[in-house]
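Q: Below you'll find query11.txt; it's compact mmCIF, C-alpha atoms and all ligand atoms.
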# COMPACT_ATOMS: atom_id res chain seq x y z
CA MET A 49 4.39 -24.50 -5.77
CA LYS A 50 5.74 -23.92 -2.26
CA LYS A 51 6.28 -20.33 -1.16
CA ARG A 52 7.91 -19.12 2.00
CA VAL A 53 6.51 -15.88 3.40
CA ALA A 54 7.88 -13.71 6.21
CA VAL A 55 4.99 -12.53 8.38
CA LEU A 56 5.55 -9.39 10.45
CA ARG A 57 2.29 -8.79 12.29
CA GLY A 58 3.49 -5.65 14.06
CA ASP A 59 1.39 -3.86 16.67
CA GLY A 60 -2.25 -3.04 17.42
CA ILE A 61 -4.71 -4.09 14.71
CA GLY A 62 -1.69 -5.06 12.59
CA LYS A 63 -1.82 -8.45 14.30
CA GLU A 64 -5.56 -8.95 13.81
CA VAL A 65 -5.66 -8.02 10.12
CA THR A 66 -2.53 -10.05 9.36
CA ASP A 67 -4.01 -13.14 10.97
CA ALA A 68 -7.10 -12.58 8.82
CA ALA A 69 -4.99 -12.30 5.66
CA ILE A 70 -3.10 -15.49 6.46
CA SER A 71 -6.30 -17.51 6.91
CA VAL A 72 -7.55 -16.22 3.57
CA LEU A 73 -4.27 -17.21 1.90
CA GLU A 74 -4.58 -20.67 3.46
CA ALA A 75 -7.95 -20.96 1.73
CA ILE A 76 -6.41 -19.88 -1.58
CA GLY A 77 -3.68 -22.49 -1.02
CA ARG A 78 -6.29 -25.24 -0.51
CA ARG A 79 -8.27 -24.27 -3.58
CA PHE A 80 -5.30 -23.92 -5.93
CA HIS A 81 -3.03 -26.56 -4.35
CA HIS A 82 -0.24 -24.29 -3.23
CA GLU A 83 1.70 -24.72 -0.05
CA PHE A 84 2.64 -21.62 1.94
CA GLU A 85 5.15 -21.63 4.76
CA TRP A 86 4.74 -18.78 7.25
CA VAL A 87 7.79 -17.58 9.15
CA TYR A 88 6.96 -15.08 11.89
CA GLY A 89 9.22 -12.15 12.82
CA LEU A 90 9.05 -9.17 15.16
CA LEU A 91 8.85 -5.58 13.91
CA GLY A 92 7.99 -2.25 15.49
CA GLY A 93 6.84 -1.67 19.06
CA GLU A 94 6.75 -5.29 20.10
CA ALA A 95 10.29 -5.75 18.75
CA ILE A 96 11.48 -2.74 20.77
CA ASP A 97 9.95 -4.20 23.94
CA THR A 98 11.30 -7.70 23.29
CA VAL A 99 14.80 -7.20 21.85
CA GLY A 100 15.42 -3.46 22.15
CA GLN A 101 15.31 -2.48 18.48
CA PRO A 102 12.49 -1.86 15.97
CA LEU A 103 14.00 -4.05 13.24
CA PRO A 104 15.84 -6.99 14.86
CA ASP A 105 18.62 -8.78 12.92
CA GLU A 106 16.64 -11.99 13.25
CA THR A 107 13.75 -10.35 11.37
CA ILE A 108 16.06 -9.24 8.56
CA ARG A 109 17.36 -12.81 8.30
CA ILE A 110 13.84 -14.24 8.16
CA CYS A 111 12.87 -11.79 5.41
CA GLU A 112 16.03 -12.49 3.41
CA GLU A 113 15.23 -16.20 3.44
CA SER A 114 11.64 -15.67 2.27
CA ASP A 115 9.97 -15.11 -1.10
CA ALA A 116 7.92 -12.13 0.11
CA ILE A 117 7.06 -10.15 3.24
CA ILE A 118 3.59 -9.57 4.68
CA LEU A 119 3.34 -6.77 7.19
CA GLY A 120 0.52 -5.60 9.49
CA ALA A 121 1.13 -2.14 10.95
CA VAL A 122 3.45 -0.78 13.59
CA GLY A 123 3.29 1.79 16.37
CA GLY A 124 1.12 2.98 19.20
CA PRO A 125 1.01 5.56 22.00
CA LYS A 126 3.25 3.40 24.19
CA TRP A 127 6.27 4.23 22.02
CA ASP A 128 5.40 7.84 21.07
CA ASN A 129 7.91 9.40 23.45
CA HIS A 130 10.82 7.15 22.58
CA PRO A 131 13.94 8.65 20.95
CA SER A 132 13.82 8.44 17.15
CA HIS A 133 16.00 5.30 16.81
CA LEU A 134 13.60 3.48 19.13
CA ARG A 135 10.43 4.34 17.28
CA PRO A 136 8.36 1.57 15.67
CA GLU A 137 8.14 3.46 12.33
CA LYS A 138 11.93 3.48 12.17
CA GLY A 139 11.81 -0.29 11.67
CA LEU A 140 9.62 0.19 8.63
CA LEU A 141 11.92 2.78 7.04
CA GLN A 142 14.92 0.52 7.68
CA ILE A 143 13.25 -2.47 6.07
CA ARG A 144 12.35 -0.46 2.93
CA LYS A 145 15.92 0.76 2.68
CA HIS A 146 17.54 -2.62 3.43
CA PHE A 147 15.54 -4.46 0.76
CA GLU A 148 15.71 -1.57 -1.76
CA LEU A 149 11.95 -1.40 -2.09
CA SER A 150 11.94 1.47 -4.55
CA VAL A 151 8.52 1.18 -6.17
CA ASN A 152 5.42 1.69 -4.06
CA LEU A 153 2.05 0.65 -5.50
CA ARG A 154 -1.24 1.82 -4.09
CA PRO A 155 -4.37 0.86 -5.95
CA VAL A 156 -7.43 2.97 -5.16
CA GLN A 157 -10.74 1.50 -6.11
CA ALA A 158 -14.22 2.65 -5.20
CA PHE A 159 -16.44 -0.31 -4.34
CA LYS A 160 -19.91 0.17 -5.76
CA SER A 161 -21.72 -0.95 -2.61
CA LEU A 162 -19.83 1.56 -0.44
CA LEU A 163 -20.06 4.68 -2.64
CA SER A 164 -22.32 6.43 -0.15
CA VAL A 165 -19.51 6.68 2.43
CA SER A 166 -17.13 8.47 0.08
CA PRO A 167 -16.62 12.15 0.98
CA LEU A 168 -17.02 12.80 -2.76
CA LYS A 169 -20.40 12.82 -4.47
CA GLU A 170 -21.36 9.30 -5.47
CA GLU A 171 -21.34 10.16 -9.17
CA VAL A 172 -17.78 11.50 -8.84
CA ALA A 173 -16.46 8.51 -6.85
CA GLU A 174 -18.15 5.96 -9.09
CA GLY A 175 -15.82 4.03 -11.35
CA VAL A 176 -12.62 5.15 -9.61
CA ASP A 177 -9.98 2.51 -10.33
CA MET A 178 -6.45 3.86 -10.32
CA MET A 179 -2.97 2.65 -9.47
CA ILE A 180 -0.65 5.15 -7.84
CA VAL A 181 3.01 4.33 -8.48
CA ARG A 182 5.33 6.22 -6.13
CA GLU A 183 9.12 6.31 -6.12
CA LEU A 184 9.98 5.30 -2.56
CA THR A 185 13.71 5.43 -1.87
CA GLY A 186 14.92 8.67 -3.49
CA GLY A 187 14.15 12.36 -3.66
CA LEU A 188 13.68 14.89 -0.90
CA TYR A 189 13.33 12.39 1.96
CA PHE A 190 16.79 10.94 1.41
CA GLY A 191 18.84 13.77 -0.20
CA GLU A 192 22.03 15.09 1.40
CA PRO A 193 22.79 17.59 2.80
CA SER A 194 19.82 17.74 5.14
CA PHE A 195 20.03 19.83 8.31
CA HIS A 196 18.66 22.79 10.19
CA ASP A 197 19.89 25.24 12.77
CA ASN A 198 18.12 28.21 14.28
CA ASP A 199 18.28 30.36 11.17
CA LYS A 200 18.45 28.04 8.25
CA ALA A 201 17.12 24.68 7.09
CA VAL A 202 18.18 22.62 4.09
CA ASP A 203 16.68 19.63 2.31
CA THR A 204 18.06 18.31 -0.94
CA LEU A 205 16.10 16.90 -3.85
CA VAL A 206 18.26 14.59 -5.97
CA TYR A 207 17.17 12.08 -8.58
CA GLY A 208 19.38 9.94 -10.79
CA ARG A 209 18.38 8.64 -14.22
CA ASP A 210 18.24 5.01 -13.03
CA GLU A 211 15.98 5.79 -10.09
CA ILE A 212 13.50 7.58 -12.35
CA GLU A 213 13.69 5.08 -15.17
CA ARG A 214 12.86 2.00 -13.11
CA VAL A 215 9.74 3.47 -11.55
CA VAL A 216 8.51 4.94 -14.84
CA ILE A 217 9.04 1.62 -16.65
CA HIS A 218 7.11 -0.12 -13.89
CA ALA A 219 4.22 2.30 -14.44
CA PHE A 220 4.10 1.70 -18.20
CA GLU A 221 4.23 -2.08 -17.69
CA LEU A 222 1.29 -1.86 -15.28
CA ALA A 223 -0.65 0.34 -17.69
CA LYS A 224 -0.36 -2.38 -20.34
CA GLN A 225 -2.15 -4.77 -17.98
CA ARG A 226 -4.79 -2.16 -17.17
CA ARG A 227 -6.37 0.58 -19.32
CA ASN A 228 -3.24 1.68 -21.18
CA LYS A 229 -2.96 5.14 -19.70
CA VAL A 230 -0.18 6.77 -17.68
CA THR A 231 -0.35 10.16 -15.98
CA SER A 232 3.09 11.33 -14.91
CA VAL A 233 2.95 13.95 -12.16
CA ASP A 234 5.75 16.47 -11.61
CA LYS A 235 6.51 20.16 -11.09
CA ALA A 236 8.51 20.70 -14.25
CA ASN A 237 7.70 24.42 -14.41
CA VAL A 238 9.85 24.93 -11.28
CA LEU A 239 12.00 21.93 -10.37
CA GLU A 240 15.10 20.73 -12.21
CA SER A 241 14.53 17.16 -11.02
CA SER A 242 11.07 17.29 -12.62
CA LYS A 243 12.57 18.40 -15.94
CA LEU A 244 14.75 15.29 -16.00
CA TRP A 245 11.76 13.23 -14.85
CA ARG A 246 9.72 14.51 -17.81
CA LYS A 247 12.50 13.82 -20.28
CA ILE A 248 12.82 10.24 -19.07
CA VAL A 249 9.06 9.72 -19.23
CA GLU A 250 9.18 10.81 -22.88
CA GLU A 251 11.97 8.33 -23.61
CA VAL A 252 10.21 5.43 -21.90
CA ALA A 253 6.86 6.32 -23.48
CA ALA A 254 8.43 6.02 -26.94
CA ARG A 255 8.98 2.31 -26.17
CA TYR A 256 5.28 1.84 -25.32
CA PRO A 257 3.38 3.21 -28.34
CA GLU A 258 0.21 1.39 -27.23
CA VAL A 259 0.12 3.29 -23.92
CA GLU A 260 -1.37 6.78 -23.91
CA TYR A 261 0.43 9.16 -21.55
CA GLU A 262 0.24 12.70 -20.24
CA HIS A 263 2.25 15.01 -17.98
CA MET A 264 0.42 16.80 -15.20
CA LEU A 265 1.70 19.36 -12.71
CA VAL A 266 1.27 18.21 -9.13
CA ASP A 267 -1.02 21.10 -8.18
CA ALA A 268 -3.35 20.30 -11.07
CA ALA A 269 -3.23 16.61 -10.15
CA ALA A 270 -4.25 17.38 -6.57
CA MET A 271 -7.37 19.11 -7.89
CA LYS A 272 -8.23 16.52 -10.49
CA LEU A 273 -8.06 13.68 -7.94
CA ILE A 274 -11.06 15.30 -6.25
CA THR A 275 -12.95 16.68 -9.25
CA TYR A 276 -12.51 13.86 -11.77
CA PRO A 277 -10.76 10.88 -10.13
CA SER A 278 -12.12 8.27 -12.52
CA ALA A 279 -9.99 9.82 -15.29
CA PHE A 280 -6.84 8.28 -13.79
CA ASP A 281 -5.55 4.82 -14.66
CA VAL A 282 -1.85 4.67 -13.67
CA LEU A 283 -0.45 7.75 -11.90
CA VAL A 284 3.35 7.77 -11.51
CA THR A 285 5.28 10.27 -9.46
CA GLU A 286 8.30 10.95 -7.24
CA ASN A 287 8.53 10.27 -3.52
CA MET A 288 7.07 13.33 -1.80
CA PHE A 289 4.36 14.05 -4.38
CA GLY A 290 3.37 10.39 -4.19
CA ASP A 291 3.23 10.48 -0.40
CA ILE A 292 0.78 13.36 -0.46
CA LEU A 293 -1.32 12.37 -3.49
CA SER A 294 -1.73 8.75 -2.38
CA ASP A 295 -3.14 9.83 0.98
CA GLU A 296 -5.43 12.29 -0.80
CA ALA A 297 -6.68 9.58 -3.15
CA SER A 298 -7.18 7.06 -0.35
CA VAL A 299 -10.03 9.01 1.22
CA ILE A 300 -12.15 8.52 -1.90
CA THR A 301 -13.10 5.01 -0.76
CA GLY A 302 -14.35 6.26 2.60
CA SER A 303 -12.25 3.94 4.78
CA LEU A 304 -8.53 3.51 5.31
CA GLY A 305 -9.26 -0.10 6.18
CA MET A 306 -10.04 -1.08 2.58
CA LEU A 307 -6.78 -0.24 0.86
CA PRO A 308 -3.73 -2.42 0.15
CA SER A 309 -0.20 -1.53 -0.88
CA ALA A 310 2.94 -3.14 -2.22
CA SER A 311 6.57 -1.99 -2.05
CA LEU A 312 8.71 -3.72 -4.64
CA ARG A 313 12.33 -4.33 -5.43
CA ALA A 314 13.45 -4.39 -9.07
CA ASP A 315 13.50 -8.22 -9.15
CA GLY A 316 9.89 -8.54 -7.97
CA PHE A 317 10.57 -9.26 -4.30
CA GLY A 318 8.14 -7.25 -2.26
CA LEU A 319 6.61 -6.16 1.00
CA TYR A 320 2.82 -6.10 1.24
CA GLU A 321 0.85 -4.16 3.82
CA PRO A 322 -2.47 -2.36 4.25
CA ILE A 323 -2.13 1.43 4.09
CA HIS A 324 -3.66 1.99 7.54
CA GLY A 325 -1.74 2.22 10.79
CA SER A 326 -2.01 0.23 14.00
CA ALA A 327 -5.21 2.04 15.07
CA PRO A 328 -4.70 1.67 18.85
CA ASP A 329 -8.23 3.00 19.49
CA ILE A 330 -9.80 -0.14 18.05
CA ALA A 331 -7.06 -2.71 18.72
CA GLY A 332 -7.99 -5.96 20.45
CA LYS A 333 -11.71 -5.53 19.83
CA ASN A 334 -12.06 -7.75 16.77
CA ILE A 335 -13.68 -4.91 14.82
CA ALA A 336 -10.86 -3.80 12.47
CA ASN A 337 -11.52 -4.07 8.77
CA PRO A 338 -9.21 -6.82 7.44
CA ILE A 339 -9.84 -6.09 3.74
CA GLY A 340 -6.81 -3.81 3.20
CA ALA A 341 -4.54 -6.54 4.55
CA ILE A 342 -6.34 -9.24 2.59
CA LEU A 343 -6.14 -7.31 -0.69
CA SER A 344 -2.43 -6.70 -0.03
CA THR A 345 -1.88 -10.44 -0.19
CA ALA A 346 -3.67 -10.53 -3.55
CA MET A 347 -1.03 -8.05 -4.72
CA MET A 348 1.64 -10.43 -3.40
CA LEU A 349 0.17 -13.36 -5.31
CA ARG A 350 0.16 -11.30 -8.49
CA SER A 351 3.39 -9.28 -8.28
CA SER A 352 5.81 -11.58 -6.43
CA PHE A 353 4.46 -15.06 -7.27
CA GLY A 354 2.87 -14.55 -10.70
CA MET A 355 -0.29 -16.29 -9.41
CA LEU A 356 -2.77 -14.27 -11.45
CA GLU A 357 -5.77 -16.57 -11.28
CA GLU A 358 -5.34 -16.90 -7.52
CA ALA A 359 -5.11 -13.12 -7.07
CA ASN A 360 -8.23 -12.59 -9.16
CA ALA A 361 -10.14 -15.24 -7.17
CA LEU A 362 -9.22 -13.50 -3.93
CA GLU A 363 -10.26 -10.06 -5.18
CA THR A 364 -13.51 -11.41 -6.57
CA ALA A 365 -14.29 -13.03 -3.21
CA VAL A 366 -13.85 -9.67 -1.43
CA LYS A 367 -15.99 -7.89 -4.00
CA ASN A 368 -18.77 -10.47 -3.74
CA VAL A 369 -18.91 -10.20 0.05
CA LEU A 370 -19.12 -6.39 -0.13
CA GLU A 371 -21.76 -6.52 -2.83
CA ALA A 372 -23.79 -8.99 -0.78
CA GLY A 373 -24.22 -6.13 1.73
CA PHE A 374 -21.61 -6.92 4.37
CA CYS A 375 -19.09 -4.51 5.85
CA THR A 376 -17.14 -3.84 9.06
CA SER A 377 -17.97 -1.47 11.89
CA GLU A 378 -16.41 1.75 10.58
CA PHE A 379 -19.26 1.88 8.04
CA LYS A 380 -22.03 2.87 10.40
CA ASN A 381 -25.60 3.73 9.44
CA ILE A 382 -25.48 2.80 5.80
CA GLY A 383 -27.98 0.00 6.19
CA ARG A 384 -25.51 -2.84 5.72
CA GLN A 385 -24.82 -5.80 7.92
CA ILE A 386 -21.81 -5.17 10.17
CA LEU A 387 -19.39 -8.03 10.70
CA SER A 388 -16.48 -8.44 13.11
CA THR A 389 -12.92 -8.93 11.80
CA THR A 390 -13.16 -12.70 12.09
CA GLU A 391 -16.69 -12.89 10.65
CA MET A 392 -15.66 -10.83 7.62
CA THR A 393 -12.66 -13.11 7.16
CA GLU A 394 -14.87 -16.23 7.33
CA LYS A 395 -17.28 -14.74 4.77
CA ILE A 396 -14.42 -14.11 2.33
CA ILE A 397 -13.07 -17.62 2.89
CA GLY A 398 -16.58 -18.96 2.27
CA GLU A 399 -16.60 -17.19 -1.12
CA ILE A 400 -13.21 -18.66 -2.03
CA GLU A 401 -14.38 -22.15 -1.13
CA ARG A 402 -17.67 -21.88 -2.99
P1 LIG B 1 -0.09 5.67 11.67
O1 LIG B 1 0.58 6.81 12.33
O2 LIG B 1 0.37 4.33 12.16
O3 LIG B 1 -0.15 5.77 10.19
P2 LIG B 1 -2.58 6.92 11.92
O4 LIG B 1 -2.62 7.79 13.10
O5 LIG B 1 -2.37 7.50 10.58
O6 LIG B 1 -1.55 5.72 12.17
P3 LIG B 1 -4.36 4.76 11.55
O7 LIG B 1 -3.95 3.86 12.64
O8 LIG B 1 -3.99 4.41 10.17
O9 LIG B 1 -3.92 6.19 11.95
O10 LIG B 1 -5.91 4.94 11.55
C1 LIG B 1 -6.61 6.14 11.88
C2 LIG B 1 -8.00 5.74 12.36
O11 LIG B 1 -8.72 5.11 11.29
C3 LIG B 1 -7.90 4.68 13.43
O12 LIG B 1 -7.78 5.27 14.67
C4 LIG B 1 -9.15 3.89 13.25
O13 LIG B 1 -10.22 4.43 13.97
C5 LIG B 1 -9.41 3.98 11.74
N1 LIG B 1 -8.89 2.78 11.06
C6 LIG B 1 -7.66 2.59 10.54
N2 LIG B 1 -7.54 1.36 10.02
C7 LIG B 1 -8.72 0.75 10.21
C8 LIG B 1 -9.23 -0.55 9.92
N3 LIG B 1 -8.50 -1.50 9.30
N4 LIG B 1 -10.50 -0.84 10.27
C9 LIG B 1 -11.25 0.08 10.88
N5 LIG B 1 -10.85 1.30 11.20
C10 LIG B 1 -9.59 1.65 10.87
MG MG B 2 -0.82 7.60 9.12
Mind turning this structure into structure tokens?
Ligand code: ATP
Ligand code: MG
A:
Amino acid sequence: MKKRVAVLRGDGIGKEVTDAAISVLEAIGRRFHHEFEWVYGLLGGEAIDTVGQPLPDETIRICEESDAIILGAVGGPKWDNHPSHLRPEKGLLQIRKHFELSVNLRPVQAFKSLLSVSPLKEEVAEGVDMMIVRELTGGLYFGEPSFHDNDKAVDTLVYGRDEIERVVIHAFELAKQRRNKVTSVDKANVLESSKLWRKIVEEVAARYPEVEYEHMLVDAAAMKLITYPSAFDVLVTENMFGDILSDEASVITGSLGMLPSASLRADGFGLYEPIHGSAPDIAGKNIANPIGAILSTAMMLRSSFGMLEEANALETAVKNVLEAGFCTSEFKNIGRQILSTTEMTEKIIGEIER
């Protein structure tokens, strides 16, 4: 099966980790006899420098003609003082909006061999394996009116039935493929939008009798993510709560560099990127951890291409390399062998080819 993939490497370590992910996908292609066509486009800081805008029209065209988008990371100090329409991150927001990527998935998994770097006690971090499902294109970040003057500031939190329904259905579908449990997070004791959210969760849940579900207030969820994170399977929530809780949950693994994400449109088209930023402090040194980017492409294989066996093979390869005692340089002093970005990538490819 031939798949065409738009590759937006971005800035800083975005380029290095994306290159790593592409070589791993090439290995998957060889093993499973798939052909991938990579089409490269500019996004972020480099796009601003080259064509004067963070999301060039040419990049939109490339993405529209592809089956999925792989993204590195954008930004860096060079563009920090630019006006807001010439900021690298603006390109990312525009791309999410343009392609209606309304469901954001962030799996958080604690790897057994790296438990000692978690800020949580090892016995608390052990067994963490959750999927955070965040609504990405509605709610407080997009509601109108939105303004401030010297004496007053207004943000508006609006959710429509359809926006809530599609993300909640996505969560229940994922739970069926996992451990059959959904935790819906809201603030229904205070917010009207959360009351509608809860009602819709009830309606959707009735269609999934095999899936166990619970409602949890966001403040309680924030605590439970730290005290008992392994209790979560699928956590579904609205945009702002998801923004905050997914960053909170990501620290459990001990490195930003390990974690993938997917942003999906209703028809399965998606954008796949590691959760970390462009990390200018370590860019160009061949020391960035490529695993977040590599695991993002496993999500692409699974969610956009339905290549389940291929996705599993990729994830198993990563797990085997970590369990064999290898890691990248952000894991200092834990008695494991430190590899460069390219060495780690070669090790993972070696596992795939075994
Ligand atoms: P952004 O604003 O783009 O989200 P940020 O300021 O949140 O960026 P990141 O770039 O995500 O920060 O990373 C913060 C720090 O974590 C980096 O400076 C780097 O030291 C470390 N880091 C991030 N990603 C990786 C990685 N893949 N491998 C190793 N270290 C990383
Ligand atoms: Mg950040």
Q: List the spatial neighbours of Gly89 (chain A) as a ChimeraX atom specification - criterion: any atom at most 9 Å away, all atoms listed in the file, same-chain residues fewer than 4 positions off excluded.
A: /A:54-58,95,104,106-108,110-111
Q: List every residue of chain A that has an atom at most 9 Å from any atom of ligand MG 2 (chain B), and for each one report the closest atom pair and its distance in Å to one decimal, counting all atoms listed in the file, with rows sorted by chain and then by increasing residue number, as JSON lines.
A:
{"residue": "A:Asp295", "atom": "CA", "partner": "B:MG2", "partner_atom": "MG", "distance": 8.8}
{"residue": "A:Ile323", "atom": "CA", "partner": "B:MG2", "partner_atom": "MG", "distance": 8.1}
{"residue": "A:His324", "atom": "CA", "partner": "B:MG2", "partner_atom": "MG", "distance": 6.5}
{"residue": "A:Gly325", "atom": "CA", "partner": "B:MG2", "partner_atom": "MG", "distance": 5.7}
{"residue": "A:Ser326", "atom": "CA", "partner": "B:MG2", "partner_atom": "MG", "distance": 8.9}
Q: Output the selection as a PDB file, keeping the file's coordinate frame - C-alpha atoms for each residue.
A:
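Final output, result28.pdb:
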ATOM      1  CA  ASP A 295      -3.140   9.830   0.980  1.00  0.00           C
ATOM      2  CA  ILE A 323      -2.130   1.430   4.090  1.00  0.00           C
ATOM      3  CA  HIS A 324      -3.660   1.990   7.540  1.00  0.00           C
ATOM      4  CA  GLY A 325      -1.740   2.220  10.790  1.00  0.00           C
ATOM      5  CA  SER A 326      -2.010   0.230  14.000  1.00  0.00           C
TER       6      SER A 326
END
Q: Give the residues close to ligand LIG 1 (chain B), within 8 Å, counting only C-alpha atoms and all ligand atoms; write them as a PyMOL selection string.
A: chain A and resi 61+65+121-124+137+303-306+322-330+335-341+376-378
Q: Could you tell me which of A:Leu141, A:Gly92, A:Leu168, A:Val252 comes closest to Thr275 (chain A) if we count only C-alpha atoms?
A: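 Among the listed residues, the smallest separation from Thr275 (chain A) belongs to A:Leu168.
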Q: How many Å separate CA of Ile400 (chain A) from CA of Leu73 (chain A)?
A: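 Value for the CA of Ile400 (chain A)-CA of Leu73 (chain A) distance: 9.9 Å.
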Q: Can you pull out every residue within 8 Å of Arg246 (chain A), counting all atoms listed in the file, but drop anything in the same chain fewer than 2 positions away, and send it as a count of residues only?
A: 10
Q: So how many Å separate CA of Ser161 (chain A) and CA of Lys367 (chain A), to one decimal?
A: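 Atom-to-atom, CA of Ser161 (chain A) to CA of Lys367 (chain A), that is 9.1 Å.
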Q: What separation in Å, quoted to one decimal, exists between CA of Phe289 (chain A) and CA of Asp197 (chain A)?
A: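 Taking CA of Phe289 (chain A) as the start and CA of Asp197 (chain A) as the end point, the length is 25.7 Å.
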Q: Excluding Arg109 (chain A) and residues on its chain fewer than 4 positions from it, collect all residues at most 12 Å away from it, counting all atoms listed in the file, and give them as a ChimeraX atom specification.
A: /A:54,87-90,103-105,113-114,117,143,146-147
Q: Please, could you write that set of residues out with C-alpha atoms as an mmCIF file, in the coordinates of the input?
A:
data_model
loop_
_atom_site.group_PDB
_atom_site.id
_atom_site.type_symbol
_atom_site.label_atom_id
_atom_site.label_comp_id
_atom_site.auth_asym_id
_atom_site.auth_seq_id
_atom_site.Cartn_x
_atom_site.Cartn_y
_atom_site.Cartn_z
ATOM 1 C CA ALA A 54 7.880 -13.710 6.210
ATOM 2 C CA VAL A 87 7.790 -17.580 9.150
ATOM 3 C CA TYR A 88 6.960 -15.080 11.890
ATOM 4 C CA GLY A 89 9.220 -12.150 12.820
ATOM 5 C CA LEU A 90 9.050 -9.170 15.160
ATOM 6 C CA LEU A 103 14.000 -4.050 13.240
ATOM 7 C CA PRO A 104 15.840 -6.990 14.860
ATOM 8 C CA ASP A 105 18.620 -8.780 12.920
ATOM 9 C CA GLU A 113 15.230 -16.200 3.440
ATOM 10 C CA SER A 114 11.640 -15.670 2.270
ATOM 11 C CA ILE A 117 7.060 -10.150 3.240
ATOM 12 C CA ILE A 143 13.250 -2.470 6.070
ATOM 13 C CA HIS A 146 17.540 -2.620 3.430
ATOM 14 C CA PHE A 147 15.540 -4.460 0.760
#
Q: Considering all atoms listed in the file, state which residue in the set A:Phe374, A:Tyr261, A:Phe84, A:Phe353 is at the smallest distance from Arg227 (chain A).
A: A:Tyr261
